Structure formats: C-alpha cells, structure tokens
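Undergrad: Pasting a structure here, questions to come.
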Amino acid sequence: MSSGKNCVYRTQHMNRTERFFFAPMKLASRKAADWVDLQWSLLDAQLCKVASQAKGRLLDVGCGDKPYEAIFSPHVSQYVGVEYEDAFRATNASTRTTKPDFLYDGVTLPFEDASFDTVLSVSVLEHTARPNELLTEMARVLKEDGVLILSAPFSFRLHEEPHDYFRYSPHGLRVMFAGVGLEVVDVIPQGTLWSVLGHKLNTFLALRVARIGGAAQMLGKLGHEATGGQSLRVWTLPVVGPLMVGISAGARFFDWAVPDHTEALGYMIVARRKVREFNA
C-alpha cells in the first residue's frame, strides 16, 4: 500500500539502531492506523489513482512534512514543497525532519508564472480565508496544459483551529476552478454516507475517548494539528481499538453495498490549465 511507502520514506531519517528496533513496529502500527482511518485510506487510494497524471516539475502547496512525496516522485522530475510560514510553525509538521523547500507569506507564491507542470494541494483550501486568491496563485504558477490535483473537505471535523474556514461541494469547486481558467477533468468523492458516519464515530472514539492524538503524531499522523494534547487513556484501548476496526470495516461494506453519494468526506479534483487560443 502507498501508506506503507510513506512510512518507509519517514523511517529513512532514523539512525541505524532506531530502524532496527523500532521501524518494523512503527511501520506495522502506522499501516494499521491508516486502515482504520477512513479519511486517510480513501485519500491515499485517490492519490495513488491520480498520481500517474502528474508530470514534470511538481509543486505541493501546503506540503507540511511532504507525506505524499513517495506517491508522486516516480511520476515527476522534481518535487517542490511550499508552506505558509505562520500556519506551518504552529503545526506538528514543523517539528519533523522533512521540511518544506520554501516558506511564503500566505499571499503570493514565491515562483514565476507558468513554472510548474503539476500543482498538488491536499486539504489546504479550507485553511485560507481567501481561497479564490490561493486558487488564482496556483493557476498562475501552472504551465499551460499543466495539471492541478486538489483535495478539499466536504464533511469533516473542525481542525487546525482557528484557521478552519470553509467546506466545499463539487459544484462550488467547479465554479471556482472555472473562474481561474482551470478545466475540471475529474471529480472523485471520498467515500459516501457510511464513510462519513464511520469516520466521525472513530474520530470521537480516538481523540475524545482514548485520546490517541499524541500517539498518532508519533506515528507521523495529524501533522496539520498542533503538537501535544491530552495523555493517552491506555485502559480504553481494549474496547476502543476493536470497536474502531469494526466501524471501519462496516463503513467500507456499506459504502460498497448501499452507497449514498449525496454524502462524502471530501472531493478530489483533477483539472488542467486551459491552453490559450490565439487568433491568426
């Protein structure tokens, strides 16, 4: 699985002793956690599905600690990450070994027009108070016929507070993309009603009942959240753990058996920058 590849990528930064003793256990724990995490596993599958459409020089806008680099690197010539400096320093991703290549002021991306063949942006649009301006910037640095791959939430908990401003329907995203000269070629929903319900239940169990946020960050998850949190309630795990596994399994089954496509955790959009037409 690609989530496993991401874990391997992270463990490359451990020393030899850490890799020998801890990496296999950490990798297994991370793969299990990713399977239970419906939002992550759906996103991971979507990124793997569209990665082959990426090309040339790629810019990851809001890259954090570059958790998707292992997925896209085989398809591109260069992977460049940029982050909004103020927001990045407040998240757990800022404490990790892998860093953005560039930090910017949250207004203008520090690159020339048409300087990237692919732009990637995952769960970033909801965190800017001026999303149309950010989308305009991403379109500006994209070459003609370049590819923009963007994921945005539709039904998701509050996170990275207080900088969590919007949720997006696929129809709203289409209008926004058209407004900056981008043609939508694919819209991929993240699950259906059952993934939404399952993810919300599991989030409550994980973060409110068992308080595993800190442990998840040790595994490389929740990089977008602030570091720290309440101590783990170990005594809840024998009940919470199996319950979360059952909820994830049930959500997957019902998404397949009786899907309700009016609900989704979010949407992934693949778009291309239109080629300008010149009159003879």
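Within each chain, counting starts at residue 1; across the structure tokens, chains are named A, B, ... in the order shown, with ligands numbered 1 upward in that order.
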Contacts between segment 36-52 of chain A and segment 98-195 of chain A, please, where a residue of segment 98-195 of chain A counts if it comes within 7 Å (with only C-alpha atoms); show its shortest atom pair and distance in Å to one decimal, rows by chain and ascending number, as a tab-separated table.

TA:
residue	atom	partner	partner_atom	distance
A:Gln190	CA	A:Leu42	CA	5.9
A:Gly191	CA	A:Leu42	CA	6.9
A:Ser195	CA	A:Leu38	CA	6.5

Undergrad: Only C-alpha atoms, please: the residues just picked out, written as an mmCIF file, in the first residue's frame.

TA:
data_model
loop_
_atom_site.group_PDB
_atom_site.id
_atom_site.type_symbol
_atom_site.label_atom_id
_atom_site.label_comp_id
_atom_site.auth_asym_id
_atom_site.auth_seq_id
_atom_site.Cartn_x
_atom_site.Cartn_y
_atom_site.Cartn_z
ATOM 1 C CA GLN A 190 -14.025 10.410 -0.740
ATOM 2 C CA GLY A 191 -16.447 7.697 0.331
ATOM 3 C CA SER A 195 -17.546 6.622 5.480
#

Undergrad: DSSP says helix (DSSP H, G or I) for which residues of segment 35-200 of chain A? Put them as a count of residues only?

TA: 65

Undergrad: Identify all residues of segment 70-176 of chain A in strand (DSSP E or B) (DSSP on the backbone) and supply them as a list of chain:residue names.

TA: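 Here is the list: A:Gln78, A:Tyr79, A:Val80, A:Gly81, A:Val82, A:Glu83, A:Tyr84, A:Phe102, A:Leu103, A:Tyr104, A:Phe116, A:Asp117, A:Thr118, A:Val119, A:Leu120, A:Ser121, A:Val122, A:Leu142, A:Lys143, A:Glu144, A:Asp145, A:Gly146, A:Val147, A:Leu148, A:Ile149, A:Leu150, A:Ser151, A:Ala152, A:Pro153.
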
Undergrad: Grab the atom CA of Tyr267 of chain A to atom CA of Val187 of chain A distance for me, in Å with one decimal place.

TA: 6.7 Å

Undergrad: Which residue, A:Gly246, A:Pro153, A:Gly81, A:Pro100, has the smallest gap to Tyr165 of chain A when you use only C-alpha atoms?

TA: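 So, comparing all the options, the nearest one is A:Pro153.
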
Undergrad: Counting only C-alpha atoms, what is within 12 Å of Leu158 of chain A, bar same-chain residues fewer than 4 positions away, as a PyMOL selection string?

TA: chain A and resi 126-127+153-154+162-167+200+203+224-225
